[in-house]
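**Q** I'm passing along data-v6.cif; it holds mmCIF, C-alpha atoms.
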```cif
data_model
loop_
_atom_site.group_PDB
_atom_site.id
_atom_site.type_symbol
_atom_site.label_atom_id
_atom_site.label_comp_id
_atom_site.auth_asym_id
_atom_site.auth_seq_id
_atom_site.Cartn_x
_atom_site.Cartn_y
_atom_site.Cartn_z
ATOM 1 C CA MET N 1 -11.289 14.292 -5.293
ATOM 2 C CA ILE N 2 -8.450 13.431 -2.945
ATOM 3 C CA GLU N 3 -6.612 10.194 -3.678
ATOM 4 C CA ILE N 4 -4.148 8.668 -1.235
ATOM 5 C CA LYS N 5 -2.374 5.637 -2.680
ATOM 6 C CA ASN N 6 -0.012 3.362 -0.723
ATOM 7 C CA VAL N 7 1.331 6.257 1.337
ATOM 8 C CA THR N 8 3.979 5.730 4.012
ATOM 9 C CA LYS N 9 5.532 8.206 6.449
ATOM 10 C CA SER N 10 7.975 7.610 9.316
ATOM 11 C CA TYR N 11 9.469 9.727 12.083
ATOM 12 C CA ASP N 12 12.933 8.347 12.759
ATOM 13 C CA ARG N 13 12.231 4.632 13.305
ATOM 14 C CA ILE N 14 8.545 5.058 14.075
ATOM 15 C CA LYS N 15 6.203 4.372 11.158
ATOM 16 C CA ALA N 16 3.341 6.857 11.606
ATOM 17 C CA VAL N 17 1.530 5.985 8.364
ATOM 18 C CA ASP N 18 1.881 2.536 6.850
ATOM 19 C CA ASP N 19 0.749 1.890 3.244
ATOM 20 C CA VAL N 20 -2.474 3.910 3.531
ATOM 21 C CA SER N 21 -4.853 4.076 0.564
ATOM 22 C CA VAL N 22 -8.048 6.156 0.782
ATOM 23 C CA THR N 23 -10.232 7.962 -1.748
ATOM 24 C CA ILE N 24 -12.174 11.042 -0.617
ATOM 25 C CA ARG N 25 -14.932 12.061 -3.005
ATOM 26 C CA GLU N 26 -16.003 15.651 -3.605
ATOM 27 C CA ASN N 27 -18.938 17.221 -1.757
ATOM 28 C CA THR N 28 -19.004 14.581 0.963
ATOM 29 C CA VAL N 29 -18.028 14.740 4.631
ATOM 30 C CA PHE N 30 -15.209 12.277 5.251
ATOM 31 C CA GLY N 31 -14.511 11.235 8.830
ATOM 32 C CA LEU N 32 -11.068 9.938 9.743
ATOM 33 C CA ILE N 33 -11.312 8.005 13.003
ATOM 34 C CA GLY N 34 -8.440 6.757 15.132
ATOM 35 C CA THR N 35 -6.842 6.830 18.558
ATOM 36 C CA ASN N 36 -3.957 9.149 19.415
ATOM 37 C CA GLY N 37 -0.944 7.984 17.440
ATOM 38 C CA ALA N 38 -3.015 6.236 14.766
ATOM 39 C CA GLY N 39 -1.675 8.565 12.041
ATOM 40 C CA LYS N 40 -4.659 10.871 11.510
ATOM 41 C CA SER N 41 -2.784 14.163 11.870
ATOM 42 C CA THR N 42 0.089 12.945 9.707
ATOM 43 C CA VAL N 43 -2.322 11.945 6.927
ATOM 44 C CA LEU N 44 -4.016 15.360 7.028
ATOM 45 C CA ARG N 45 -0.696 17.203 7.011
ATOM 46 C CA MET N 46 0.438 15.228 3.967
ATOM 47 C CA VAL N 47 -2.846 15.930 2.164
ATOM 48 C CA ALA N 48 -2.384 19.632 2.991
ATOM 49 C CA GLY N 49 1.160 19.521 1.610
ATOM 50 C CA VAL N 50 2.731 20.407 4.951
ATOM 51 C CA LEU N 51 4.577 17.078 5.035
ATOM 52 C CA LYS N 52 5.870 14.967 2.179
ATOM 53 C CA GLN N 53 5.213 11.245 2.102
ATOM 54 C CA GLU N 54 8.201 8.884 1.865
ATOM 55 C CA SER N 55 6.473 6.609 -0.617
ATOM 56 C CA GLY N 56 3.137 6.425 -2.396
ATOM 57 C CA GLU N 57 1.133 9.176 -4.043
ATOM 58 C CA ILE N 58 -1.231 11.920 -2.874
ATOM 59 C CA THR N 59 -3.195 13.864 -5.481
ATOM 60 C CA VAL N 60 -5.890 16.515 -5.156
ATOM 61 C CA ASP N 61 -8.076 16.773 -8.251
ATOM 62 C CA GLY N 62 -5.480 14.732 -10.116
ATOM 63 C CA LYS N 63 -2.483 16.902 -9.190
ATOM 64 C CA PRO N 64 0.287 16.270 -6.617
ATOM 65 C CA VAL N 65 -0.098 18.557 -3.634
ATOM 66 C CA PHE N 66 3.403 18.887 -2.128
ATOM 67 C CA ASP N 67 5.193 22.072 -3.286
ATOM 68 C CA ASN N 68 2.213 22.894 -5.520
ATOM 69 C CA ILE N 69 0.922 26.390 -4.694
ATOM 70 C CA GLU N 70 -1.925 26.158 -7.198
ATOM 71 C CA VAL N 71 -3.355 23.053 -5.520
ATOM 72 C CA LYS N 72 -2.786 24.379 -1.984
ATOM 73 C CA ARG N 73 -5.037 27.362 -2.718
ATOM 74 C CA ASN N 74 -7.910 24.870 -2.731
ATOM 75 C CA ILE N 75 -6.989 23.411 0.688
ATOM 76 C CA TYR N 76 -7.339 24.865 4.179
ATOM 77 C CA PHE N 77 -5.875 22.907 7.085
ATOM 78 C CA ILE N 78 -6.993 23.450 10.678
ATOM 79 C CA ALA N 79 -4.554 21.863 13.119
ATOM 80 C CA ASP N 80 -5.517 20.346 16.460
ATOM 81 C CA GLU N 81 -3.975 23.432 18.091
ATOM 82 C CA PRO N 82 -4.666 26.270 15.608
ATOM 83 C CA TYR N 83 -1.867 28.775 14.996
ATOM 84 C CA PHE N 84 -2.475 32.504 15.069
ATOM 85 C CA PHE N 85 0.042 35.325 14.776
ATOM 86 C CA ALA N 86 1.409 36.599 18.079
ATOM 87 C CA ASN N 87 -0.615 39.487 19.531
ATOM 88 C CA SER N 88 -3.042 39.348 16.583
ATOM 89 C CA ASN N 89 -6.790 39.789 16.638
ATOM 90 C CA ALA N 90 -9.446 38.386 14.288
ATOM 91 C CA MET N 91 -9.171 41.413 11.997
ATOM 92 C CA ASP N 92 -5.428 40.813 11.545
ATOM 93 C CA MET N 93 -6.061 37.173 10.608
ATOM 94 C CA GLN N 94 -8.727 38.190 8.110
ATOM 95 C CA LYS N 95 -6.375 40.613 6.371
ATOM 96 C CA TYR N 96 -3.642 38.008 6.134
ATOM 97 C CA LEU N 97 -5.901 35.178 4.947
ATOM 98 C CA SER N 98 -7.517 37.436 2.351
ATOM 99 C CA SER N 99 -4.065 37.956 0.845
ATOM 100 C CA VAL N 100 -3.478 34.187 0.624
ATOM 101 C CA TYR N 101 -6.928 32.954 -0.425
ATOM 102 C CA PRO N 102 -8.413 35.060 -3.244
ATOM 103 C CA ASP N 103 -11.967 33.844 -2.547
ATOM 104 C CA PHE N 104 -11.913 34.657 1.168
ATOM 105 C CA ALA N 105 -15.447 35.725 2.193
ATOM 106 C CA VAL N 106 -14.807 38.868 4.248
ATOM 107 C CA THR N 107 -18.453 39.776 4.863
ATOM 108 C CA ASP N 108 -19.319 36.219 5.952
ATOM 109 C CA PHE N 109 -16.280 36.216 8.244
ATOM 110 C CA TYR N 110 -17.452 39.211 10.250
ATOM 111 C CA ASN N 111 -21.048 37.969 10.293
ATOM 112 C CA TYR N 112 -19.874 34.648 11.757
ATOM 113 C CA LEU N 113 -17.751 36.453 14.355
ATOM 114 C CA MET N 114 -20.808 38.413 15.457
ATOM 115 C CA ASN N 115 -23.069 35.329 15.489
ATOM 116 C CA PHE N 116 -20.572 33.367 17.581
ATOM 117 C CA GLY N 117 -19.982 36.285 19.941
ATOM 118 C CA LEU N 118 -16.286 36.699 19.109
ATOM 119 C CA ASP N 119 -14.804 40.184 19.525
ATOM 120 C CA LYS N 120 -12.933 41.052 16.314
ATOM 121 C CA LYS N 121 -10.612 43.468 18.160
ATOM 122 C CA ARG N 122 -9.778 41.269 21.148
ATOM 123 C CA LYS N 123 -6.315 39.642 21.190
ATOM 124 C CA ILE N 124 -6.652 35.993 20.179
ATOM 125 C CA ASN N 125 -4.176 34.905 22.860
ATOM 126 C CA THR N 126 -6.799 35.921 25.433
ATOM 127 C CA TYR N 127 -9.440 33.659 23.854
ATOM 128 C CA SER N 128 -10.402 30.389 25.524
ATOM 129 C CA LYS N 129 -9.548 27.083 23.806
ATOM 130 C CA GLY N 130 -13.108 26.777 22.529
ATOM 131 C CA MET N 131 -13.110 30.333 21.174
ATOM 132 C CA LYS N 132 -9.846 29.691 19.323
ATOM 133 C CA LYS N 133 -11.391 26.569 17.788
ATOM 134 C CA GLN N 134 -14.408 28.588 16.697
ATOM 135 C CA LEU N 135 -12.227 31.258 15.106
ATOM 136 C CA ALA N 136 -10.101 28.658 13.324
ATOM 137 C CA LEU N 137 -13.221 27.017 11.883
ATOM 138 C CA ILE N 138 -14.637 30.368 10.796
ATOM 139 C CA CYS N 139 -11.346 31.175 9.060
ATOM 140 C CA GLY N 140 -11.422 27.811 7.310
ATOM 141 C CA VAL N 141 -15.024 28.056 6.153
ATOM 142 C CA CYS N 142 -14.548 31.635 4.907
ATOM 143 C CA SER N 143 -11.306 30.820 3.067
ATOM 144 C CA GLY N 144 -13.401 29.729 0.087
ATOM 145 C CA THR N 145 -11.316 26.609 -0.460
ATOM 146 C CA LYS N 146 -12.791 23.460 -1.931
ATOM 147 C CA TYR N 147 -11.285 21.211 0.752
ATOM 148 C CA LEU N 148 -11.337 21.894 4.488
ATOM 149 C CA LEU N 149 -9.099 19.593 6.562
ATOM 150 C CA CYS N 150 -9.960 19.571 10.260
ATOM 151 C CA ASP N 151 -7.909 17.864 12.959
ATOM 152 C CA GLU N 152 -10.044 17.187 16.077
ATOM 153 C CA THR N 153 -12.488 19.853 14.887
ATOM 154 C CA PHE N 154 -15.039 19.679 17.663
ATOM 155 C CA ASP N 155 -12.661 19.112 20.584
ATOM 156 C CA GLY N 156 -13.217 21.923 23.068
ATOM 157 C CA LEU N 157 -16.566 23.031 21.624
ATOM 158 C CA ASP N 158 -19.769 22.794 23.637
ATOM 159 C CA PRO N 159 -22.753 20.907 22.104
ATOM 160 C CA VAL N 160 -24.483 24.088 20.895
ATOM 161 C CA MET N 161 -21.358 25.297 19.096
ATOM 162 C CA ARG N 162 -20.829 21.857 17.560
ATOM 163 C CA GLN N 163 -24.280 21.917 16.049
ATOM 164 C CA GLY N 164 -23.685 25.457 14.816
ATOM 165 C CA ILE N 165 -20.481 24.453 13.023
ATOM 166 C CA LYS N 166 -22.155 21.374 11.525
ATOM 167 C CA SER N 167 -24.948 23.590 10.187
ATOM 168 C CA ILE N 168 -22.376 25.908 8.601
ATOM 169 C CA PHE N 169 -20.643 22.922 6.991
ATOM 170 C CA ALA N 170 -23.937 21.703 5.530
ATOM 171 C CA SER N 171 -24.741 25.180 4.199
ATOM 172 C CA GLU N 172 -21.312 25.640 2.587
ATOM 173 C CA MET N 173 -21.445 22.176 1.010
ATOM 174 C CA GLU N 174 -24.795 22.959 -0.566
ATOM 175 C CA ARG N 175 -23.808 26.464 -1.652
ATOM 176 C CA ARG N 176 -20.352 25.877 -3.129
ATOM 177 C CA GLY N 177 -19.521 22.186 -2.895
ATOM 178 C CA MET N 178 -17.091 22.363 0.036
ATOM 179 C CA THR N 179 -15.601 18.997 1.063
ATOM 180 C CA PRO N 180 -14.750 18.713 4.784
ATOM 181 C CA VAL N 181 -12.335 16.013 5.983
ATOM 182 C CA ILE N 182 -12.635 15.638 9.753
ATOM 183 C CA ALA N 183 -10.186 13.692 11.907
ATOM 184 C CA SER N 184 -11.367 12.662 15.360
ATOM 185 C CA HIS N 185 -10.817 10.043 18.035
ATOM 186 C CA ASN N 186 -14.517 10.150 18.888
ATOM 187 C CA LEU N 187 -17.044 8.230 16.795
ATOM 188 C CA ARG N 188 -20.004 9.917 18.442
ATOM 189 C CA GLU N 189 -18.912 13.371 17.255
ATOM 190 C CA LEU N 190 -19.053 12.342 13.595
ATOM 191 C CA GLU N 191 -22.095 10.092 13.385
ATOM 192 C CA ASP N 192 -24.610 12.740 12.366
ATOM 193 C CA ILE N 193 -22.420 14.589 9.867
ATOM 194 C CA CYS N 194 -20.204 12.132 7.948
ATOM 195 C CA ASP N 195 -21.035 10.398 4.664
ATOM 196 C CA HIS N 196 -17.952 8.179 4.671
ATOM 197 C CA VAL N 197 -15.728 7.057 7.530
ATOM 198 C CA GLY N 198 -12.218 5.606 7.528
ATOM 199 C CA LEU N 199 -10.753 3.916 10.603
ATOM 200 C CA LEU N 200 -6.998 4.230 11.147
ATOM 201 C CA HIS N 201 -5.155 1.911 13.513
ATOM 202 C CA LYS N 202 -1.386 1.753 14.009
ATOM 203 C CA GLY N 203 -0.796 3.796 10.859
ATOM 204 C CA GLY N 204 -2.921 1.661 8.547
ATOM 205 C CA VAL N 205 -6.512 1.751 7.300
ATOM 206 C CA LEU N 206 -8.549 -0.866 9.123
ATOM 207 C CA LEU N 207 -11.864 0.040 7.512
ATOM 208 C CA SER N 208 -13.184 2.587 4.980
ATOM 209 C CA ARG N 209 -16.888 2.551 4.132
ATOM 210 C CA ASP N 210 -19.849 4.716 3.130
ATOM 211 C CA LEU N 211 -22.039 5.129 6.201
ATOM 212 C CA GLU N 212 -25.288 4.793 4.271
ATOM 213 C CA ASP N 213 -24.149 1.482 2.767
ATOM 214 C CA MET N 214 -23.035 0.261 6.173
ATOM 215 C CA LYS N 215 -26.296 1.234 7.834
ATOM 216 C CA CYS N 216 -28.416 -0.311 5.073
ATOM 217 C CA ASN N 217 -26.502 -3.586 5.070
ATOM 218 C CA ILE N 218 -26.225 -4.287 8.797
ATOM 219 C CA GLN N 219 -29.285 -4.753 10.996
ATOM 220 C CA LYS N 220 -29.834 -5.363 14.682
ATOM 221 C CA VAL N 221 -32.593 -7.892 15.351
ATOM 222 C CA GLN N 222 -34.191 -8.708 18.697
ATOM 223 C CA CYS N 223 -36.466 -11.731 18.718
ATOM 224 C CA VAL N 224 -37.922 -14.598 20.708
ATOM 225 C CA PHE N 225 -38.566 -17.731 18.656
ATOM 226 C CA LYS N 226 -41.657 -19.856 19.214
ATOM 227 C CA ALA N 227 -39.694 -23.115 18.965
ATOM 228 C CA THR N 228 -36.100 -24.296 18.691
ATOM 229 C CA GLU N 229 -36.830 -25.445 15.135
ATOM 230 C CA ASP N 230 -37.739 -21.882 14.174
ATOM 231 C CA GLU N 231 -34.526 -20.583 15.761
ATOM 232 C CA SER N 232 -32.340 -23.117 13.925
ATOM 233 C CA LYS N 233 -34.037 -22.379 10.591
ATOM 234 C CA ALA N 234 -33.615 -18.605 10.907
ATOM 235 C CA ILE N 235 -30.031 -18.707 12.157
ATOM 236 C CA SER N 236 -28.941 -21.045 9.364
ATOM 237 C CA ALA N 237 -30.459 -18.669 6.767
ATOM 238 C CA LEU N 238 -29.041 -15.426 8.203
ATOM 239 C CA ASP N 239 -25.547 -13.966 7.757
ATOM 240 C CA ILE N 240 -24.930 -13.421 11.467
ATOM 241 C CA MET N 241 -22.036 -11.241 12.587
ATOM 242 C CA LYS N 242 -22.840 -11.425 16.292
ATOM 243 C CA ASN N 243 -25.303 -13.452 18.348
ATOM 244 C CA GLU N 244 -26.075 -12.647 21.965
ATOM 245 C CA LYS N 245 -28.639 -14.659 23.896
ATOM 246 C CA ARG N 246 -30.279 -13.213 26.983
ATOM 247 C CA GLY N 247 -32.543 -15.934 28.277
ATOM 248 C CA SER N 248 -35.047 -16.597 25.490
ATOM 249 C CA LEU N 249 -34.258 -13.269 23.800
ATOM 250 C CA ASN N 250 -31.893 -13.398 20.796
ATOM 251 C CA VAL N 251 -30.006 -10.178 19.972
ATOM 252 C CA LEU N 252 -28.538 -10.616 16.499
ATOM 253 C CA THR N 253 -26.299 -8.348 14.441
ATOM 254 C CA VAL N 254 -27.016 -9.475 10.894
ATOM 255 C CA ARG N 255 -25.499 -8.554 7.531
ATOM 256 C CA GLY N 256 -28.081 -7.839 4.832
ATOM 257 C CA SER N 257 -30.845 -5.393 3.912
ATOM 258 C CA LYS N 258 -33.866 -4.969 6.129
ATOM 259 C CA ALA N 259 -36.112 -6.377 3.378
ATOM 260 C CA GLU N 260 -33.965 -9.522 3.063
ATOM 261 C CA ILE N 261 -34.002 -10.116 6.808
ATOM 262 C CA MET N 262 -37.741 -9.508 7.089
ATOM 263 C CA ALA N 263 -38.307 -12.066 4.320
ATOM 264 C CA ILE N 264 -36.348 -14.710 6.245
ATOM 265 C CA PHE N 265 -38.228 -14.054 9.472
ATOM 266 C CA ALA N 266 -41.526 -14.318 7.579
ATOM 267 C CA THR N 267 -40.789 -18.042 7.136
ATOM 268 C CA VAL N 268 -40.459 -18.760 10.894
ATOM 269 C CA ASN N 269 -42.644 -18.307 13.951
ATOM 270 C CA THR N 270 -41.674 -15.746 16.587
ATOM 271 C CA ILE N 271 -43.260 -14.586 19.822
ATOM 272 C CA PHE N 272 -41.471 -11.255 19.572
ATOM 273 C CA PHE N 273 -39.532 -9.633 16.722
ATOM 274 C CA GLU N 274 -38.135 -6.173 15.946
ATOM 275 C CA ALA N 275 -35.433 -4.799 13.648
ATOM 276 C CA LEU N 276 -33.558 -1.755 14.969
ATOM 277 C CA PRO N 277 -31.177 0.741 13.319
ATOM 278 C CA LEU N 278 -27.549 0.573 14.471
ATOM 279 C CA SER N 279 -25.510 3.526 15.627
ATOM 280 C CA LEU N 280 -22.167 4.248 13.972
ATOM 281 C CA GLU N 281 -20.518 2.969 17.130
ATOM 282 C CA GLU N 282 -22.360 -0.371 16.937
ATOM 283 C CA ILE N 283 -21.591 -0.750 13.219
ATOM 284 C CA PHE N 284 -17.880 -0.208 13.743
ATOM 285 C CA ILE N 285 -17.778 -2.577 16.708
ATOM 286 C CA SER N 286 -19.459 -5.268 14.611
ATOM 287 C CA GLU N 287 -17.292 -4.738 11.518
ATOM 288 C CA THR N 288 -13.990 -4.645 13.373
ATOM 289 C CA GLU N 289 -14.777 -7.597 15.629
ATOM 290 C CA VAL N 290 -15.309 -9.681 12.479
ATOM 291 C CA VAL N 291 -11.709 -8.976 11.414
ATOM 292 C CA GLY N 292 -10.317 -9.623 14.883
ATOM 293 C CA TYR N 293 -10.115 -6.148 16.462
ATOM 294 C CA ASP N 294 -11.848 -4.852 19.560
ATOM 295 C CA ILE N 295 -12.753 -1.280 18.625
ATOM 296 C CA LYS N 296 -14.110 -0.652 22.127
ATOM 297 C CA LYS N 297 -10.481 -0.659 23.278
ATOM 298 C CA LEU N 298 -9.250 1.322 20.240
ATOM 299 C CA ILE N 299 -11.802 4.136 20.126
ATOM 300 C CA LEU N 300 -14.460 3.946 22.799
ATOM 301 C CA GLY N 301 -12.508 3.037 25.919
#
```
If you took the structure in this file and wrote it as structure tokens, what would it be?
**A**
Amino acid sequence: MIEIKNVTKSYDRIKAVDDVSVTIRENTVFGLIGTNGAGKSTVLRMVAGVLKQESGEITVDGKPVFDNIEVKRNIYFIADEPYFFANSNAMDMQKYLSSVYPDFAVTDFYNYLMNFGLDKKRKINTYSKGMKKQLALICGVCSGTKYLLCDETFDGLDPVMRQGIKSIFASEMERRGMTPVIASHNLRELEDICDHVGLLHKGGVLLSRDLEDMKCNIQKVQCVFKATEDESKAISALDIMKNEKRGSLNVLTVRGSKAEIMAIFATVNTIFFEALPLSLEEIFISETEVVGYDIKKLILG
């Protein structure tokens, strides 16, 4: 488990991370969402032990990570722009990483290279941006570490490659309990892979929730009431986060389980009624609007 408690980090007079507290459980996919400059990369670099926080505490499996070689052997960090040795090829990187990470999966590494169509002898500096991302992810997965920290993991990958990497993540999590932490500015990239999502804004944590809990406890309801009395009765009984009216059609974002909401609507008369699942994007918009933020401007715009 990774625990980040009241962590602060500044660059000169700019506070990049401001009193951040987040817990990342084992064998889950944690998504760290935020715009450029929100502090995502700084948080990941501190968790990896590349940077040291000014205040607060970061522990990995109960041990401080900075200047702790033992702990760092369980962490692999993939930067937004992955670094490779000058004039190296994939074989050179494998030899080096095998010397650093004792559980590096050499056979899997070369199998992945072949499956992704990456030439093991070709100079990495001649790879495209997407190919470099693929190689960096393959290196990270094959490192055998418990924690894989990914900064803008899927940026530069086409949709087919993204699905391929997600499948590898799922396989490695099931096989050996790998815990990926993925930072991204794009909600849509993480919706189908993350178990828990944290939203960073201006260096602080705006929201941190389990996706399953969020999806089970927020519903989107579209309905047309038979009479104004029915509408008043239902609205007074519901915990409404957002209410949009389009003619006679009510579009409600409601907090509560589907069963609870269905029970309320069973007591009123409707001409039309349906409860729909929300996307991650819609959930975050609803949650952040409640606390006074417009996430459409922060993340989606």
**Q** Would you write out, as a list in words, every residue that the PyMOL selection byres ((chain N and resi 198) around 8) captures in this file?
**A** Val22, Phe30, Gly31, Leu32, Ile33, His196, Val197, Leu199, Leu200, Val205, Leu206, Leu207, Ser208 and Arg209 of chain N
**Q** In Å, rounded to a single decimal, give me how far atom CA of Ser143 of chain N is from atom CA of Ser99 of chain N.
**A**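 Value for the atom CA of Ser99 of chain N-atom CA of Ser143 of chain N distance: 10.4 Å.
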**Q** Just the residues within 9 Å of Asn125 of chain N, please, counting only C-alpha atoms, with nothing from its chain fewer than 4 positions along; format it as a list in words.
**A** Phe84, Ala86, Asn87, Ser88, Asn89 and Lys132 of chain N
**Q** Taking 2 positions as the minimum chain separation for residues in the same chain, which residues sit within 7 Å of Arg255 of chain N when counting all atoms listed in the file? Answer as a compact mmCIF listing (two decimals) with C-alpha atoms, keeping the file's coordinate frame.
**A**
```
# COMPACT_ATOMS: atom_id res chain seq x y z
CA ASN N 217 -26.50 -3.59 5.07
CA ILE N 218 -26.22 -4.29 8.80
CA GLN N 219 -29.28 -4.75 11.00
CA ASP N 239 -25.55 -13.97 7.76
CA ILE N 240 -24.93 -13.42 11.47
CA MET N 241 -22.04 -11.24 12.59
CA THR N 253 -26.30 -8.35 14.44
```
**Q** When you count only C-alpha atoms, which of these residues is closest to Gln163 of chain N: N:Ile24, N:Val224, N:Ile4, N:Ile193?
**A**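 Comparing N:Ile24, N:Val224, N:Ile4, N:Ile193 against Gln163 of chain N, the winner is N:Ile193.
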**Q** Show which residues sit within 9 Å of segment 111-114 of chain N, as a list of chain:residue names. Count all atoms listed in the file, and ignore same-chain residues fewer than 3 positions away.
**A**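 Contacts, with the query itself left out: N:Ala90, N:Val106, N:Thr107, N:Asp108, N:Gly117, N:Leu118, N:Asp119, N:Lys120, N:Gln134, N:Leu135, N:Ile138.
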**Q** Please provide the set of residues having any atom within 12 Å of Val50 of chain N, restricted to only C-alpha atoms, with same-chain residues fewer than 3 positions apart removed, written as a PyMOL selection string.
**A** chain N and resi 41-47+53+65-69+72+75-79+149
**Q** Applied to this file, what does the PyMOL selection byres ((chain N and resi 5) around 9) return in terms of residues, put as an NGL selection string?
**A** :N and (3-4 or 6-7 or 19-23 or 56-59)
**Q** Deliver the residues from the most recent selection as a file, using C-alpha atoms, as a short mmCIF file (atom, residue, chain, number, x, y, z; two decimals), in the coordinates of the input.
**A**
```cif
data_model
loop_
_atom_site.label_atom_id
_atom_site.label_comp_id
_atom_site.auth_asym_id
_atom_site.auth_seq_id
_atom_site.Cartn_x
_atom_site.Cartn_y
_atom_site.Cartn_z
CA GLU N 3 -6.61 10.19 -3.68
CA ILE N 4 -4.15 8.67 -1.24
CA ASN N 6 -0.01 3.36 -0.72
CA VAL N 7 1.33 6.26 1.34
CA ASP N 19 0.75 1.89 3.24
CA VAL N 20 -2.47 3.91 3.53
CA SER N 21 -4.85 4.08 0.56
CA VAL N 22 -8.05 6.16 0.78
CA THR N 23 -10.23 7.96 -1.75
CA GLY N 56 3.14 6.42 -2.40
CA GLU N 57 1.13 9.18 -4.04
CA ILE N 58 -1.23 11.92 -2.87
CA THR N 59 -3.20 13.86 -5.48
#
```
**Q** Show me the residues close to (-11.5, 31.9, -2.2) - anything with an atom within 12 Å, counting all atoms listed in the file - and format the list as a PyMOL selection string.
**A** chain N and resi 72-76+97-106+139-147+176+178
**Q** Name the closest residue to Thr28 of chain N among the candidates N:Glu174, N:Phe116, N:Ala48, N:Ala16; distances are taken between atoms, counting only C-alpha atoms.
**A**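 Residue with the minimum atom-to-atom distance to Thr28 of chain N: N:Glu174.
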**Q** From the options N:Tyr96, N:Thr179, N:Asp80, N:Ile124, which residue's atoms come nearest to Thr153 of chain N, counting all atoms listed in the file?
**A** N:Asp80
**Q** Pull out every residue that the PyMOL selection byres ((chain N and resi 264) around 12) matches in the shown coordinates and put them as a PyMOL selection string.
**A** chain N and resi 221+230-231+233-239+254+256-263+265-270
**Q** Considering all atoms listed in the file, state which residue in the set N:Arg122, N:Arg246, N:Lys220, N:His185 is at the smallest distance from Asp151 of chain N.
**A**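 Nearest to Asp151 of chain N: N:His185.
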**Q** Calculate how many Å separate atom CA of Leu249 of chain N from atom CA of Glu229 of chain N, rounding to one decimal.
**A** 15.2 Å
**Q** Could you state the separation of atom CA of Leu137 of chain N and atom CA of Met214 of chain N in Å, given to one decimal place?
**A**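 Separating atom CA of Leu137 of chain N from atom CA of Met214 of chain N is a distance of 29.1 Å.
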**Q** Closest to Lys245 of chain N among N:Lys52, N:Gln222, N:Asn115, N:Lys15, using all atoms listed in the file?
**A** N:Gln222
**Q** To test the calculation: enclose all listed atoms of segment 154-168 of chain N in a box whose edges run along x, y and z, add 6 Å on each side, then state centre and edge lengths in Å to one decimal, as JSON.
**A**
```
{"center_x": -18.8, "center_y": 22.5, "center_z": 16.1, "size_x": 24.3, "size_y": 18.8, "size_z": 27.0}
```
**Q** Is there a way to complete segment 100-111 of chain N with N, CA and C atoms and then write that out as a PDB file, in the frame of the given file?
**A**
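For reference, selection.pdb as written:
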```pdb
ATOM      1  N   VAL N 100      -3.903  35.533   1.024  1.00  0.00           N
ATOM      2  CA  VAL N 100      -3.478  34.187   0.624  1.00  0.00           C
ATOM      3  C   VAL N 100      -4.556  33.476  -0.193  1.00  0.00           C
ATOM      4  N   TYR N 101      -5.802  33.628   0.232  1.00  0.00           N
ATOM      5  CA  TYR N 101      -6.928  32.954  -0.425  1.00  0.00           C
ATOM      6  C   TYR N 101      -7.782  33.988  -1.150  1.00  0.00           C
ATOM      7  N   PRO N 102      -7.720  34.014  -2.467  1.00  0.00           N
ATOM      8  CA  PRO N 102      -8.413  35.060  -3.244  1.00  0.00           C
ATOM      9  C   PRO N 102      -9.928  35.055  -3.076  1.00  0.00           C
ATOM     10  N   ASP N 103     -10.509  33.921  -2.694  1.00  0.00           N
ATOM     11  CA  ASP N 103     -11.967  33.844  -2.547  1.00  0.00           C
ATOM     12  C   ASP N 103     -12.414  33.979  -1.090  1.00  0.00           C
ATOM     13  N   PHE N 104     -11.557  34.506  -0.242  1.00  0.00           N
ATOM     14  CA  PHE N 104     -11.913  34.657   1.168  1.00  0.00           C
ATOM     15  C   PHE N 104     -13.147  35.539   1.302  1.00  0.00           C
ATOM     16  N   ALA N 105     -14.159  35.033   2.055  1.00  0.00           N
ATOM     17  CA  ALA N 105     -15.447  35.725   2.193  1.00  0.00           C
ATOM     18  C   ALA N 105     -15.402  36.665   3.396  1.00  0.00           C
ATOM     19  N   VAL N 106     -15.013  37.904   3.169  1.00  0.00           N
ATOM     20  CA  VAL N 106     -14.807  38.868   4.248  1.00  0.00           C
ATOM     21  C   VAL N 106     -16.110  39.174   4.988  1.00  0.00           C
ATOM     22  N   THR N 107     -17.164  39.441   4.236  1.00  0.00           N
ATOM     23  CA  THR N 107     -18.453  39.776   4.863  1.00  0.00           C
ATOM     24  C   THR N 107     -18.965  38.627   5.714  1.00  0.00           C
ATOM     25  N   ASP N 108     -18.892  37.400   5.186  1.00  0.00           N
ATOM     26  CA  ASP N 108     -19.319  36.219   5.952  1.00  0.00           C
ATOM     27  C   ASP N 108     -18.487  36.060   7.216  1.00  0.00           C
ATOM     28  N   PHE N 109     -17.187  36.345   7.108  1.00  0.00           N
ATOM     29  CA  PHE N 109     -16.280  36.216   8.244  1.00  0.00           C
ATOM     30  C   PHE N 109     -16.750  37.071   9.420  1.00  0.00           C
ATOM     31  N   TYR N 110     -17.046  38.322   9.156  1.00  0.00           N
ATOM     32  CA  TYR N 110     -17.452  39.211  10.250  1.00  0.00           C
ATOM     33  C   TYR N 110     -18.868  38.897  10.742  1.00  0.00           C
ATOM     34  N   ASN N 111     -19.709  38.406   9.858  1.00  0.00           N
ATOM     35  CA  ASN N 111     -21.048  37.969  10.293  1.00  0.00           C
ATOM     36  C   ASN N 111     -20.943  36.774  11.238  1.00  0.00           C
TER      37      ASN N 111
END
```
